[in-house]
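Q: So that we are looking at the same thing, I have put the structure below in structure tokens.
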Amino acid sequence: MVNDAWAVLVEAEGKVHVVEMSAGVRKIKGLGVFDPVETIGSAPYGTVITLGQKQLTRMPPRLPELSRGMLRRAQTISAKDAGYFIAKLGIGSGDRVLEAGLGSAGLSMHIARSLGGSGTHVTVEPRSEHADVGLKNMERARASWQEFPGHHHVHGAIEEVVDEIRSHSEFFDAIILDLPQHPTAIDAVASLLAVGGRMACYCPVTSQVELAWEAAEGAGLTVEWAGELMERQWGKASKGGMRPVNGPFGHTAFLLIAQRTSIE
């Protein structure tokens with residue numbers, strides 16, 4: 001069944017455009033001036049749409065497409081790291097997840113997709129200019145998917161909004177912190193982590209990993225793993241065979257995972 005809220009259009013080279021399916025002629029960035037309802041309508045997935053000189057294929061609004069076509073302001077957590085967080089923290093149906101900061105919602109969409117139609121997802125972001133973009137991406141996802149968790153957004157620095165966070169859930173099965181500084185945030189919300197639950201920290205530089213490790217242990221958590229994930233893409237060689245493609249090796253950030261193993 002074709003979703004009628006947003007249309008995903010993919011160019012031949014892979015660039016993704018996410019277009020709101022509302023009537024009326026208007027200018028859409030990167031595509032020109034047209035009425036999406038008249039031009040795209042209820043065209044089945046796989047249909048080629050012609051817009052000026054561009055040939056675009058309509059595809060379902062799945063997570064990879066919405067991620068590639070998302071609105072961006074803050075740097076996003078890649079699928080490589082998002083997938084690792086979800087697997088290592090064990091995020092799934094019915095869980096309660098706290099995430100700070102929201103940014104452009106790259107990780108948030110992965111979490112929402114994993115939670116499905118149940119569970120609680122609370123996001124925190126102190127910068128309204130980032131939250132405005134991130135929440136728009138979350139609304140796209142909510143309108144595009146058949147299932148979406150209960151999502152609550154809290155504005156402010158996480159250390160200052162703990163009471164408001166608690167109003168949505170007293171405890172969380174997973175907490176993810178993507179912040180410039182982790183120690184004060186860990187101190188503020190470690191008590192919200194349920195026994196058996198895990199906390200993850202996303203750290204751009206090594207000094208942050210060390211400080212996060214010390215803060216996690218100081219808060220009574222057990223550090224399970226810290227390190228980095230490397231990603232290297234391969235492609236077809238011109239003379240046959242496969243080889244690594246030219247480009248960056250794929251480091252994004254340093255990650256830390258810690259678990260609460262007791263009530264104390």
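Chain labels run A, B, ... following the order of the structure tokens; each chain numbers its residues from 1, and ligands are numbered from 1 in the order shown.
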Neighbours of Leu193 of chain A within 8 Å (only C-alpha atoms; same-chain residues fewer than 6 positions away dropped), as a PyMOL selection string?

A: chain A and resi 171-175+199+260

Q: Between atom CA of Val37 of chain A and atom CA of Glu13 of chain A, measure the distance and give it in Å to one decimal.

A: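 Atom CA of Val37 of chain A sits 24.5 Å away from atom CA of Glu13 of chain A.
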
Q: Show me, as a tab-separated table, the residues of segment 119-159 of chain A having an atom within 10 Å of segment 94-98 of chain A, each with the closest atom pair and its distance in Å, using only C-alpha atoms.

A:
```
residue	atom	partner	partner_atom	distance
A:Gly119	CA	A:Gly94	CA	3.8
A:Thr120	CA	A:Arg96	CA	4.6
A:His121	CA	A:Val97	CA	4.9
A:Val122	CA	A:Leu98	CA	4.9
A:Thr123	CA	A:Leu98	CA	6.0
A:Val124	CA	A:Leu98	CA	7.9
A:Pro149	CA	A:Gly94	CA	8.6
A:Gly150	CA	A:Arg96	CA	9.5
A:His151	CA	A:Val97	CA	9.7
A:His152	CA	A:Leu98	CA	9.7
A:His153	CA	A:Leu98	CA	9.9
```

Q: Report, in Å with one decimal, the straight-line distance from atom CA of Thr261 of chain A to atom CA of Ser93 of chain A.

A: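 Atom CA of Ser93 of chain A lies at a distance of 21.5 Å from atom CA of Thr261 of chain A.
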
Q: As a list in words, please: every residue in segment 46-103 of chain A that a backbone DSSP assignment puts in strand (DSSP E).

A: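 Across segment 46-103 of chain A, those assigned strand (DSSP E) are Val48, Ile49, Thr50, Leu51, Lys54, Gln55, Leu56, Thr57, Arg58, Met59, Arg96, Val97, Leu98, Glu99 and Ala100 of chain A.
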
Q: How many Å separate atom CA of Ile257 of chain A from atom CA of Val223 of chain A?

A: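 According to the coordinates, atom CA of Ile257 of chain A and atom CA of Val223 of chain A are separated by 6.0 Å.
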
Q: Sort by chain and increasing residue number a table of all residues of segment 60-132 of chain A within 12 Å of segment 44-53 of chain A, each with its closest pair of atoms and their distance in Å to one decimal, counting only C-alpha atoms, and write it as CSV.

A:
```
residue,atom,partner,partner_atom,distance
A:Pro60,CA,A:Tyr45,CA,6.3
A:Pro61,CA,A:Tyr45,CA,9.8
A:Arg62,CA,A:Tyr45,CA,11.8
```

Q: Neighbours of Glu217 of chain A within 12 Å (only C-alpha atoms; same-chain residues fewer than 2 positions away dropped), as an NGL selection string?

A: :A and (183 or 186-187 or 190 or 199 or 210-215 or 219-224 or 256-261)

Q: Nearest residue to Gln146 of chain A out of A:Gly32, A:Gly90, A:Gly134, A:Gly116, using only C-alpha atoms?

A: A:Gly116

Q: Please list as a ChimeraX atom specification every residue within 12 Å of Glu139 of chain A, counting only C-alpha atoms and excluding residues in the same chain fewer than 6 positions away.

A: /A:5-6,20,66,70-71,104-105,108-109,112,131-133,145,148-149,151-153

Q: Generate the output file for the selected residues, C-alpha atoms, as a compact mmCIF listing (two decimals), in the first residue's frame.

A:
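For reference, part.txt as written:
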```txt
# COMPACT_ATOMS: atom_id res chain seq x y z
CA ALA A 5 1.64 11.48 3.66
CA TRP A 6 5.17 11.71 2.24
CA GLU A 20 5.15 16.24 1.54
CA LEU A 66 14.03 8.67 5.38
CA MET A 70 16.30 13.74 6.25
CA LEU A 71 16.52 17.42 7.10
CA SER A 104 18.63 16.13 13.67
CA ALA A 105 17.06 12.85 14.94
CA SER A 108 16.01 8.87 17.12
CA MET A 109 14.48 7.45 13.95
CA ALA A 112 11.60 4.65 17.00
CA ALA A 131 15.18 20.35 17.95
CA ASP A 132 13.03 22.07 15.30
CA VAL A 133 14.78 20.06 12.58
CA TRP A 145 5.22 4.15 9.34
CA PHE A 148 5.45 4.42 16.09
CA PRO A 149 6.20 4.51 19.84
CA HIS A 151 7.39 9.93 21.81
CA HIS A 152 7.88 12.83 24.23
CA HIS A 153 10.32 15.67 23.73
```
